[in-house]
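Below is the file coords.txt, which contains compact mmCIF, C-alpha atoms.
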```txt
# COMPACT_ATOMS: atom_id res chain seq x y z
CA MET A 167 0.00 0.00 0.00
CA SER A 168 1.45 3.35 -1.02
CA LYS A 169 1.80 5.95 1.70
CA LYS A 170 -0.24 9.13 1.54
CA ILE A 171 1.38 12.43 0.60
CA VAL A 172 1.44 14.78 3.60
CA VAL A 173 3.39 17.70 2.08
CA SER A 174 3.20 18.64 -1.58
CA VAL A 175 5.28 21.55 -2.90
CA ASP A 176 4.29 22.42 -6.47
CA ASN A 177 6.29 24.88 -8.62
CA VAL A 178 6.99 27.26 -5.73
CA SER A 179 8.89 30.47 -6.42
CA LYS A 180 9.65 33.30 -4.00
CA PHE A 181 11.38 36.66 -4.29
CA PHE A 182 12.01 39.58 -1.94
CA LYS A 183 12.14 43.28 -2.79
CA LEU A 184 15.44 44.79 -1.69
CA PRO A 185 15.52 48.63 -1.58
CA THR A 186 18.22 50.24 -3.69
CA GLU A 187 17.76 53.77 -2.29
CA SER A 188 16.51 55.44 0.85
CA THR A 189 13.40 57.55 0.18
CA GLN A 190 12.79 60.16 2.87
CA SER A 191 9.52 61.64 1.56
CA LEU A 192 6.32 60.68 -0.22
CA ARG A 193 7.07 63.32 -2.88
CA THR A 194 10.39 61.70 -3.78
CA ALA A 195 8.76 58.29 -3.93
CA LEU A 196 6.03 59.56 -6.30
CA VAL A 197 8.56 61.36 -8.54
CA ASN A 198 10.66 58.21 -8.77
CA ARG A 199 7.56 56.16 -9.60
CA PHE A 200 6.64 58.50 -12.50
CA LYS A 201 10.23 58.35 -13.74
CA GLY A 202 10.08 54.58 -13.76
CA ILE A 203 12.55 54.24 -10.87
CA LYS A 204 11.34 51.38 -8.70
CA GLY A 205 13.74 51.97 -5.82
CA TYR A 206 14.19 48.24 -5.26
CA ARG A 207 15.47 45.11 -6.94
CA LYS A 208 14.05 41.61 -6.80
CA GLN A 209 16.05 38.88 -5.11
CA HIS A 210 14.79 35.52 -6.39
CA VAL A 211 15.28 33.11 -3.48
CA LEU A 212 13.36 30.06 -4.74
CA LYS A 213 12.79 29.13 -8.38
CA ASP A 214 10.21 26.54 -9.42
CA ILE A 215 10.64 24.16 -6.45
CA SER A 216 8.62 20.94 -6.54
CA PHE A 217 8.76 17.81 -4.34
CA GLN A 218 6.54 15.60 -2.19
CA VAL A 219 6.93 14.25 1.33
CA LYS A 220 5.09 11.05 2.16
CA GLU A 221 3.83 9.90 5.53
CA GLY A 222 6.72 8.47 7.55
CA ASP A 223 9.47 10.18 5.54
CA PHE A 224 12.46 11.69 7.32
CA PHE A 225 13.09 14.31 4.64
CA GLY A 226 16.34 16.30 4.53
CA ILE A 227 16.84 19.73 2.94
CA VAL A 228 20.46 20.84 2.53
CA GLY A 229 22.28 23.71 0.85
CA ARG A 230 24.78 26.47 1.47
CA ASN A 231 23.89 29.59 3.46
CA GLY A 232 21.60 31.81 1.38
CA SER A 233 20.43 29.00 -0.89
CA GLY A 234 16.78 29.36 0.20
CA LYS A 235 16.36 26.49 2.68
CA SER A 236 14.89 28.48 5.57
CA THR A 237 12.66 30.46 3.21
CA LEU A 238 11.29 27.18 1.87
CA LEU A 239 10.52 25.96 5.40
CA LYS A 240 8.73 29.21 6.20
CA ILE A 241 6.59 28.79 3.08
CA ILE A 242 5.76 25.20 4.06
CA SER A 243 4.97 26.48 7.58
CA GLN A 244 2.70 29.18 6.04
CA ILE A 245 4.78 32.04 7.47
CA TYR A 246 5.58 33.28 3.93
CA MET A 247 3.37 33.12 0.87
CA PRO A 248 4.97 32.16 -2.46
CA GLU A 249 4.78 34.46 -5.49
CA GLN A 250 4.13 31.40 -7.63
CA GLY A 251 3.04 27.83 -6.98
CA SER A 252 1.34 26.21 -4.01
CA VAL A 253 1.92 24.07 -0.92
CA ALA A 254 -0.59 21.49 0.30
CA ILE A 255 -0.40 20.12 3.87
CA ASN A 256 -2.27 16.99 4.95
CA GLY A 257 -2.00 16.76 8.74
CA LYS A 258 -1.21 18.80 11.86
CA MET A 259 2.17 20.50 11.53
CA VAL A 260 4.60 21.63 14.23
CA SER A 261 7.30 24.00 12.97
CA PHE A 262 10.49 24.75 14.85
CA ILE A 263 12.13 27.34 12.61
CA GLU A 264 14.14 29.25 15.23
CA LEU A 265 14.98 28.39 18.83
CA GLY A 266 12.98 30.32 21.41
CA VAL A 267 10.77 32.31 19.04
CA GLY A 268 7.69 33.40 20.99
CA PHE A 269 9.27 32.98 24.42
CA ASN A 270 8.90 35.85 26.90
CA PRO A 271 11.82 36.40 29.31
CA GLU A 272 9.51 37.96 31.94
CA LEU A 273 7.38 34.80 32.18
CA THR A 274 8.28 31.62 34.01
CA GLY A 275 9.37 28.47 32.24
CA ARG A 276 5.94 26.93 32.86
CA GLU A 277 4.10 29.98 31.50
CA ASN A 278 6.31 29.98 28.41
CA VAL A 279 5.48 26.33 27.71
CA TYR A 280 1.78 27.18 27.60
CA LEU A 281 2.42 30.36 25.60
CA ASN A 282 4.50 28.52 23.03
CA GLY A 283 2.01 25.68 22.89
CA ALA A 284 -0.79 28.15 22.12
CA MET A 285 1.32 29.68 19.31
CA LEU A 286 1.75 26.19 17.86
CA GLY A 287 -2.04 25.77 17.81
CA PHE A 288 -2.57 23.58 20.89
CA THR A 289 -5.31 24.04 23.46
CA THR A 290 -4.63 24.36 27.18
CA GLU A 291 -5.89 20.81 27.69
CA GLU A 292 -3.49 19.50 25.02
CA VAL A 293 -0.53 21.31 26.64
CA ASP A 294 -1.62 19.92 30.03
CA ALA A 295 -1.36 16.39 28.60
CA MET A 296 2.18 16.85 27.29
CA TYR A 297 3.57 19.21 29.95
CA ARG A 298 5.20 16.47 32.05
CA ASP A 299 6.90 14.96 28.99
CA ILE A 300 8.25 18.40 27.99
CA VAL A 301 9.75 19.03 31.43
CA ASP A 302 11.15 15.49 31.68
CA PHE A 303 12.88 15.80 28.31
CA ALA A 304 14.29 19.25 29.11
CA GLU A 305 15.36 18.08 32.60
CA LEU A 306 14.36 21.43 34.09
CA HIS A 307 12.03 20.26 36.90
CA ASP A 308 13.54 22.59 39.53
CA PHE A 309 13.46 25.68 37.29
CA MET A 310 9.98 25.75 35.73
CA ASN A 311 8.69 28.37 38.18
CA GLN A 312 11.63 30.71 37.59
CA LYS A 313 11.50 33.51 35.05
CA LEU A 314 13.05 32.67 31.70
CA LYS A 315 15.45 35.64 31.94
CA ASN A 316 17.18 33.81 34.79
CA TYR A 317 17.83 30.73 32.61
CA SER A 318 21.19 30.15 31.00
CA SER A 319 21.20 30.13 27.19
CA GLY A 320 21.60 26.35 27.24
CA MET A 321 18.55 25.93 29.50
CA GLN A 322 16.45 28.14 27.22
CA VAL A 323 17.48 26.11 24.21
CA ARG A 324 16.59 22.83 25.93
CA LEU A 325 13.16 24.10 26.94
CA ALA A 326 12.35 25.51 23.49
CA PHE A 327 13.51 22.34 21.74
CA SER A 328 11.58 20.12 24.15
CA VAL A 329 8.36 22.04 23.51
CA ALA A 330 8.78 21.60 19.76
CA ILE A 331 9.48 17.87 19.72
CA LYS A 332 6.97 16.93 22.42
CA ALA A 333 4.17 18.96 20.83
CA GLU A 334 2.93 15.89 19.03
CA GLY A 335 1.88 16.70 15.49
CA ASP A 336 1.66 14.69 12.28
CA ILE A 337 4.57 16.61 10.69
CA LEU A 338 7.59 18.00 12.54
CA ILE A 339 9.66 20.70 10.81
CA LEU A 340 13.13 21.46 12.20
CA ASP A 341 15.61 24.09 11.02
CA GLU A 342 19.25 23.81 12.15
CA VAL A 343 18.57 22.51 15.65
CA LEU A 344 20.58 19.28 15.90
CA ALA A 345 23.44 20.87 17.87
CA VAL A 346 21.36 22.13 20.79
CA GLY A 347 22.38 21.73 24.41
CA ASP A 348 25.28 19.91 26.00
CA GLU A 349 26.65 16.49 25.04
CA ALA A 350 24.22 14.54 27.22
CA PHE A 351 21.23 16.42 25.81
CA GLN A 352 22.48 15.87 22.25
CA ARG A 353 22.61 12.12 22.91
CA LYS A 354 19.02 12.29 24.12
CA CYS A 355 18.04 14.18 20.95
CA ASN A 356 19.82 11.55 18.86
CA ASP A 357 17.82 8.78 20.55
CA TYR A 358 14.63 10.75 19.97
CA PHE A 359 15.31 11.13 16.24
CA LEU A 360 16.13 7.44 15.86
CA GLU A 361 12.92 6.57 17.72
CA ARG A 362 10.93 8.97 15.55
CA LYS A 363 12.42 7.48 12.40
CA ALA A 364 11.73 3.91 13.54
CA GLY A 365 8.16 4.90 14.45
CA GLY A 366 7.46 6.17 10.93
CA LYS A 367 6.71 9.76 11.97
CA THR A 368 7.07 12.43 9.31
CA THR A 369 9.95 14.86 9.80
CA ILE A 370 11.41 17.60 7.59
CA LEU A 371 14.93 18.60 8.58
CA VAL A 372 17.12 21.47 7.37
CA THR A 373 20.76 21.01 8.38
CA HIS A 374 24.39 21.52 7.39
CA ASP A 375 25.32 18.27 9.15
CA MET A 376 25.74 15.69 6.38
CA GLY A 377 26.28 12.97 8.96
CA ALA A 378 22.76 13.65 10.27
CA VAL A 379 21.34 13.53 6.73
CA LYS A 380 22.91 10.11 6.13
CA LYS A 381 21.94 8.82 9.56
CA TYR A 382 18.31 9.92 9.82
CA CYS A 383 16.93 10.75 6.37
CA ASN A 384 15.44 8.39 3.80
CA LYS A 385 15.06 11.17 1.18
CA ALA A 386 16.80 14.50 0.67
CA ILE A 387 17.10 17.46 -1.67
CA LEU A 388 19.98 19.85 -2.30
CA ILE A 389 19.03 23.48 -3.02
CA ASP A 390 21.58 25.58 -4.88
CA ASN A 391 20.93 29.17 -5.96
CA GLY A 392 17.18 28.72 -5.52
CA PHE A 393 16.91 25.53 -7.61
CA ILE A 394 16.78 21.86 -6.63
CA LYS A 395 20.18 20.59 -7.76
CA ALA A 396 19.94 17.03 -6.42
CA PHE A 397 17.05 14.87 -5.21
CA GLY A 398 16.78 11.31 -3.97
CA GLU A 399 19.09 9.10 -1.90
CA PRO A 400 20.38 11.00 1.17
CA ASP A 401 23.90 9.62 0.73
CA ASP A 402 24.12 10.93 -2.85
CA VAL A 403 22.64 14.32 -1.91
CA ALA A 404 24.96 14.69 1.10
CA ASN A 405 28.00 13.72 -0.95
CA GLN A 406 27.07 16.21 -3.68
CA TYR A 407 26.73 18.95 -1.06
CA SER A 408 30.16 18.14 0.39
CA LEU A 409 31.70 18.01 -3.07
CA ASP A 410 30.16 21.37 -4.02
CA ASN A 411 31.63 22.97 -0.89
CA VAL A 412 35.10 21.63 -1.68
CA THR A 413 34.84 22.84 -5.28
CA LYS A 414 33.76 26.34 -4.21
CA SER A 415 36.57 26.61 -1.66
CA ILE A 416 39.12 25.65 -4.34
CA GLN A 417 37.68 28.23 -6.71
CA GLY A 418 38.23 31.03 -4.21
CA SER A 419 36.29 34.24 -4.47
CA GLU A 420 35.99 34.34 -8.28
CA GLU A 421 32.35 33.50 -8.83
CA GLU A 422 32.62 33.13 -12.60
CA GLN A 423 35.56 30.74 -12.53
CA GLU A 424 34.76 27.35 -14.03
CA GLU A 425 34.62 24.34 -11.74
CA GLU A 426 37.84 22.38 -11.78
CA ILE A 427 37.54 18.60 -11.86
CA LEU A 428 40.34 17.11 -9.78
CA VAL A 429 39.39 13.43 -10.01
CA ASP A 430 37.56 11.65 -12.81
CA ASN A 431 36.39 8.15 -13.73
CA LEU A 432 35.93 6.87 -10.19
CA ARG A 433 34.90 3.22 -10.48
CA VAL A 434 34.07 0.70 -7.76
CA LYS A 435 34.06 -2.96 -8.86
CA LEU A 436 32.95 -5.83 -6.63
CA LEU A 437 35.31 -8.77 -7.29
CA SER A 438 33.56 -11.26 -5.01
CA GLU A 439 30.01 -12.56 -5.33
CA THR A 440 27.08 -10.25 -4.63
CA LYS A 441 25.42 -12.92 -2.46
CA ILE A 442 27.68 -14.32 0.26
CA THR A 443 27.42 -16.16 3.58
CA PRO A 444 28.82 -14.89 6.91
CA GLY A 445 32.58 -15.36 7.03
CA SER A 446 33.00 -15.26 3.26
CA PRO A 447 35.55 -12.79 1.86
CA VAL A 448 34.42 -9.53 0.32
CA GLU A 449 36.78 -8.19 -2.32
CA PHE A 450 36.51 -5.01 -4.35
CA GLU A 451 38.66 -2.82 -6.56
CA ILE A 452 38.66 0.99 -6.80
CA THR A 453 40.13 2.93 -9.72
CA TYR A 454 40.20 6.65 -10.48
CA ASP A 455 42.15 9.23 -12.47
CA VAL A 456 43.89 12.14 -10.73
CA LEU A 457 44.03 15.16 -13.05
CA ARG A 458 46.33 17.36 -10.96
CA ASP A 459 49.65 16.64 -9.25
CA MET A 460 48.24 16.23 -5.72
CA PRO A 461 48.04 13.69 -2.88
CA THR A 462 44.85 11.60 -2.65
CA TYR A 463 43.55 8.66 -0.67
CA ILE A 464 40.47 6.44 -0.51
CA ALA A 465 37.83 6.49 2.23
CA PHE A 466 35.02 3.95 2.24
CA SER A 467 32.19 2.66 4.38
CA ILE A 468 29.96 -0.41 4.46
CA THR A 469 26.40 0.45 5.52
CA ASP A 470 23.46 -1.67 6.65
CA ILE A 471 20.78 -0.44 4.21
CA ASP A 472 17.72 -1.38 6.27
CA ARG A 473 18.96 0.22 9.50
CA ASN A 474 20.97 2.95 7.71
CA ILE A 475 23.96 2.54 10.02
CA TRP A 476 27.64 1.96 9.38
CA ILE A 477 29.01 -1.46 10.23
CA TYR A 478 32.46 -0.34 9.07
CA ASN A 479 34.10 2.95 8.16
CA ASP A 480 37.69 3.46 6.96
CA ASN A 481 38.92 7.04 6.69
CA SER A 482 42.64 6.54 7.31
CA MET A 483 45.46 8.01 5.19
CA ASP A 484 47.54 4.83 5.27
CA ASN A 485 47.68 4.75 1.49
CA LEU A 486 48.12 8.43 0.60
CA THR A 487 49.35 8.66 -2.99
CA SER A 488 50.72 11.55 -5.03
CA GLY A 489 50.99 12.54 -8.67
CA LYS A 490 48.68 12.49 -11.64
CA GLY A 491 47.38 9.41 -13.43
CA ARG A 492 45.39 6.25 -12.81
CA LYS A 493 45.20 4.99 -9.23
CA ARG A 494 44.06 1.52 -8.28
CA PHE A 495 43.27 -0.02 -4.91
CA ARG A 496 42.18 -3.53 -4.01
CA TYR A 497 40.77 -4.52 -0.66
CA SER A 498 39.70 -7.79 0.90
CA CYS A 499 37.90 -8.41 4.18
CA ARG A 500 35.63 -10.93 5.88
CA LEU A 501 32.17 -10.30 7.31
CA LEU A 502 31.85 -12.03 10.67
CA ASN A 503 28.95 -12.43 13.13
CA VAL A 504 26.36 -11.03 10.73
CA ASN A 505 23.24 -12.59 9.23
CA ASP A 506 20.58 -11.50 6.77
CA LEU A 507 21.98 -8.10 5.88
CA LYS A 508 21.72 -5.96 2.79
CA LEU A 509 24.86 -3.82 2.59
CA LYS A 510 26.12 -1.07 0.33
CA LEU A 511 29.73 -0.10 -0.27
CA GLN A 512 30.31 3.65 -0.59
CA VAL A 513 33.61 5.14 -1.67
CA SER A 514 35.05 8.65 -1.80
CA VAL A 515 38.38 10.14 -2.87
CA ARG A 516 39.87 12.75 -0.54
CA ASP A 517 42.83 15.11 -0.54
CA LYS A 518 45.47 15.38 2.19
CA ASP A 519 43.26 17.87 4.07
CA GLU A 520 40.48 15.22 4.22
CA ASN A 521 38.27 17.16 1.78
CA MET A 522 36.11 14.94 -0.42
CA ILE A 523 36.88 15.59 -4.10
CA ALA A 524 34.96 12.69 -5.69
CA PHE A 525 32.43 10.10 -4.59
CA SER A 526 30.69 7.03 -5.96
CA ASN A 527 27.08 7.86 -6.76
CA ASN A 528 24.13 5.52 -6.29
CA ASP A 529 24.68 3.87 -9.68
CA ASN A 530 28.30 3.13 -8.78
CA THR A 531 27.67 1.69 -5.30
CA PRO A 532 27.88 -2.12 -5.07
CA ILE A 533 25.24 -3.98 -3.03
CA ILE A 534 26.24 -7.02 -0.95
CA LEU A 535 23.66 -9.54 0.30
CA VAL A 536 24.65 -11.61 3.33
CA ASN A 537 22.47 -14.75 3.46
CA ARG A 538 21.57 -16.37 6.74
CA ARG A 539 23.80 -19.06 8.23
CA ASP A 540 24.20 -20.29 11.80
CA ILE A 541 27.28 -18.70 13.38
CA SER A 542 29.77 -21.16 14.83
CA LYS A 543 32.05 -20.71 17.81
CA ASP A 544 35.01 -20.60 15.43
CA ASP A 545 33.47 -17.55 13.73
CA ILE A 546 33.05 -15.79 17.06
CA SER A 547 36.60 -16.52 18.19
CA ALA A 548 37.94 -15.26 14.88
CA LYS A 549 36.31 -11.87 15.33
CA ASP A 550 38.79 -9.01 15.02
CA SER A 551 38.04 -6.61 17.88
CA SER A 552 39.89 -3.75 16.16
CA THR A 553 37.43 -3.62 13.28
CA GLY A 554 34.12 -4.68 14.85
CA LEU A 555 32.12 -6.83 12.46
CA LEU A 556 34.86 -6.85 9.81
CA GLN A 557 38.08 -8.78 9.93
CA ARG A 558 40.80 -7.56 7.57
CA ASN A 559 42.34 -10.12 5.32
CA GLY A 560 45.68 -8.74 4.19
CA GLY A 561 44.53 -5.10 4.36
CA TRP A 562 44.94 -2.76 1.41
CA GLU A 563 46.87 -3.92 -1.61
CA PHE A 564 47.87 -0.89 -3.65
CA LEU A 565 48.53 -1.48 -7.36
CA GLU A 566 49.99 1.38 -9.42
CA ALA A 567 48.91 1.42 -13.07
```

Just give me the structure of the file as structure tokens.
Amino acid sequence: MSKKIVVSVDNVSKFFKLPTESTQSLRTALVNRFKGIKGYRKQHVLKDISFQVKEGDFFGIVGRNGSGKSTLLKIISQIYMPEQGSVAINGKMVSFIELGVGFNPELTGRENVYLNGAMLGFTTEEVDAMYRDIVDFAELHDFMNQKLKNYSSGMQVRLAFSVAIKAEGDILILDEVLAVGDEAFQRKCNDYFLERKAGGKTTILVTHDMGAVKKYCNKAILIDNGFIKAFGEPDDVANQYSLDNVTKSIQGSEEEQEEEILVDNLRVKLLSETKITPGSPVEFEITYDVLRDMPTYIAFSITDIDRNIWIYNDNSMDNLTSGKGRKRFRYSCRLLNVNDLKLKLQVSVRDKDENMIAFSNNDNTPIILVNRRDISKDDISAKDSSTGLLQRNGGWEFLEA
């Protein structure tokens, strides 16, 4: 059964009028109007944006600062109206665009919970029902009767975030809020997002954290200069975002300079069988062409597709190479203590500063199926504790073309 569409964005465009002169009088404004001088220019922030979010999606929106991400969220949240296109919402929506918006420093923490709940569209009875959960999550039991102005900034953030995520709605919209609070609170937020994802609750997330996109999202879009540049698999979208940032930093401040391709023809070839049993070797070969005299190395990960978690990640510079030309790596390992897994092998090429300069897209990502087999004691004793579920078999073998 196909899931229902809960957010539909159809051909949305948005621009803002930026003043080009300061008009001090009505007379000057009228004279300028008759002369055809508008006194402003249009800044087109979003251009013909279309996508759909289905029930249960954890949908990521990424892009550089100024690309239009937050404007898009405000249109979805019905704070802004688009100049063109439409947005359809099917369900109760809770938007958390900015931390602490609507909070009053002269009110107590408790009073601010009810105030913020009312601004989100909840009745007093509904806030009553979720008040204890909000306070428990924020861990501010002893401070709820104090005025908000006496809270530390971290306490205010925790309270505001707790109100947003505990205000149970059908659709939760979050803008740049994954780094709130201290380390312990961030772990709690991480558990909450994993629980929300597993429970099939719809979430739209704007973030610059590509690790979060890969970890939580099942779909994502990349917005660049007001357009959707990439759409689909979160790994591909996140990798494209990272690659774009590296390219722009290499280009410097010259906006018209053409993009320089540093690495081309990245290929990942699975040498072993696609379907294997636990303990069987996995072998693959990676080739790519370096177009500039520069050091490069390979980073790769093996991910459990169903749970969207890494079971192995290698980002070491043990095999840093230099010079132009064809590079070739071969790697062999054994999967131990695993059963019934669907894995994908993702590869990137990085420079000596750990910047990603090329990555294998979804079409160039091998899939490995591990069929079920009873695990013997010999398998368990052979487990390599230094690599978790993977035991290296000879490590990297570097072959120079």

**Report entry** For atom CA of Asp430 of chain A and atom CA of Asp480 of chain A, the interatomic separation in Å (one decimal)
**Finding:**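 That distance, rounded to one decimal, is 21.4 Å.
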
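Using all atoms listed in the file for every distance, the candidate list A:Lys258, A:Arg298, A:Leu371, A:Ile394 yields A:Ile394 as the residue closest to Val178 of chain A.
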
Report summary line: Using all atoms listed in the file, the best pick from A:Leu314, A:Cys355, A:Ile300, A:Leu360 as closest to Lys332 of chain A would be A:Ile300

Query - Best match for closeness to Val379 of chain A among A:Arg458, A:Asn479, A:Ser408, A:Glu449, counting only C-alpha atoms - result: A:Ser408

Query raised in the report: Mind pulling up the distance from atom CA of Val279 of chain A to atom CA of Glu349 of chain A?
Result: 23.5 Å

Query raised in the report: Pick from A:Asn356, A:Lys313, A:Glu334, A:Val329: nearest to Asn282 of chain A, with all atoms listed in the file counted?
Result: A:Val329

Report task. Have a look at atom CA of Ile370 of chain A and atom CA of Asp223 of chain A and let me know their distance in Å, one decimal. Result ->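 Straight-line distance from atom CA of Ile370 of chain A to atom CA of Asp223 of chain A works out to 7.9 Å.
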
Query raised in the report: If we count only C-alpha atoms, what is near Ala330 of chain A at a cut-off of 10 Å, once residues fewer than 2 positions away on the same chain are taken out, given as a PyMOL selection string?
Result: chain A and resi 260-263+265-266+279+282-283+286+300+325-328+332-335+338-340

Query - Selection near Pro400 of chain A, 6 Å with all atoms listed in the file, sequence-local residues under 4 positions removed, as number ranges by chain - result: A: 380, 385-386, 404

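Distances from A:Val429, A:Leu388, A:Ile523, A:Val536 to Gly445 of chain A were compared using all atoms listed in the file, and the smallest one belongs to A:Val536.
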
Report task. Write out as a list in words the residues lying within 8 Å of Phe450 of chain A, counting only C-alpha atoms and excluding same-chain residues fewer than 3 positions away. Result ->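 Listed by chain and then number, they are Val434, Lys435, Leu436, Leu437, Ser438, Arg496, Tyr497 and Ser498 of chain A.
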
Query - Minimum-distance residue to Lys208 of chain A, chosen among A:Tyr382, A:Phe181, A:Tyr358, A:Tyr463 (using all atoms listed in the file) - result: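 Nearest to Lys208 of chain A: A:Phe181.
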
Query - Glu520 of chain A environment, 12 Å, only C-alpha atoms, sequence neighbours closer than 6 positions dropped, as an MDAnalysis selection string - result: chainID A and resid 408:409 412 461:465 481:483 486 514

Next, write the just-selected residues to a file, as a PDB file, keeping the file's coordinate frame, keeping C-alpha atoms as the atom set.
```
ATOM      1  CA  SER A 408      30.160  18.140   0.390  1.00  0.00           C
ATOM      2  CA  LEU A 409      31.700  18.010  -3.070  1.00  0.00           C
ATOM      3  CA  VAL A 412      35.100  21.630  -1.680  1.00  0.00           C
ATOM      4  CA  PRO A 461      48.040  13.690  -2.880  1.00  0.00           C
ATOM      5  CA  THR A 462      44.850  11.600  -2.650  1.00  0.00           C
ATOM      6  CA  TYR A 463      43.550   8.660  -0.670  1.00  0.00           C
ATOM      7  CA  ILE A 464      40.470   6.440  -0.510  1.00  0.00           C
ATOM      8  CA  ALA A 465      37.830   6.490   2.230  1.00  0.00           C
ATOM      9  CA  ASN A 481      38.920   7.040   6.690  1.00  0.00           C
ATOM     10  CA  SER A 482      42.640   6.540   7.310  1.00  0.00           C
ATOM     11  CA  MET A 483      45.460   8.010   5.190  1.00  0.00           C
ATOM     12  CA  LEU A 486      48.120   8.430   0.600  1.00  0.00           C
ATOM     13  CA  SER A 514      35.050   8.650  -1.800  1.00  0.00           C
TER      14      SER A 514
END
```
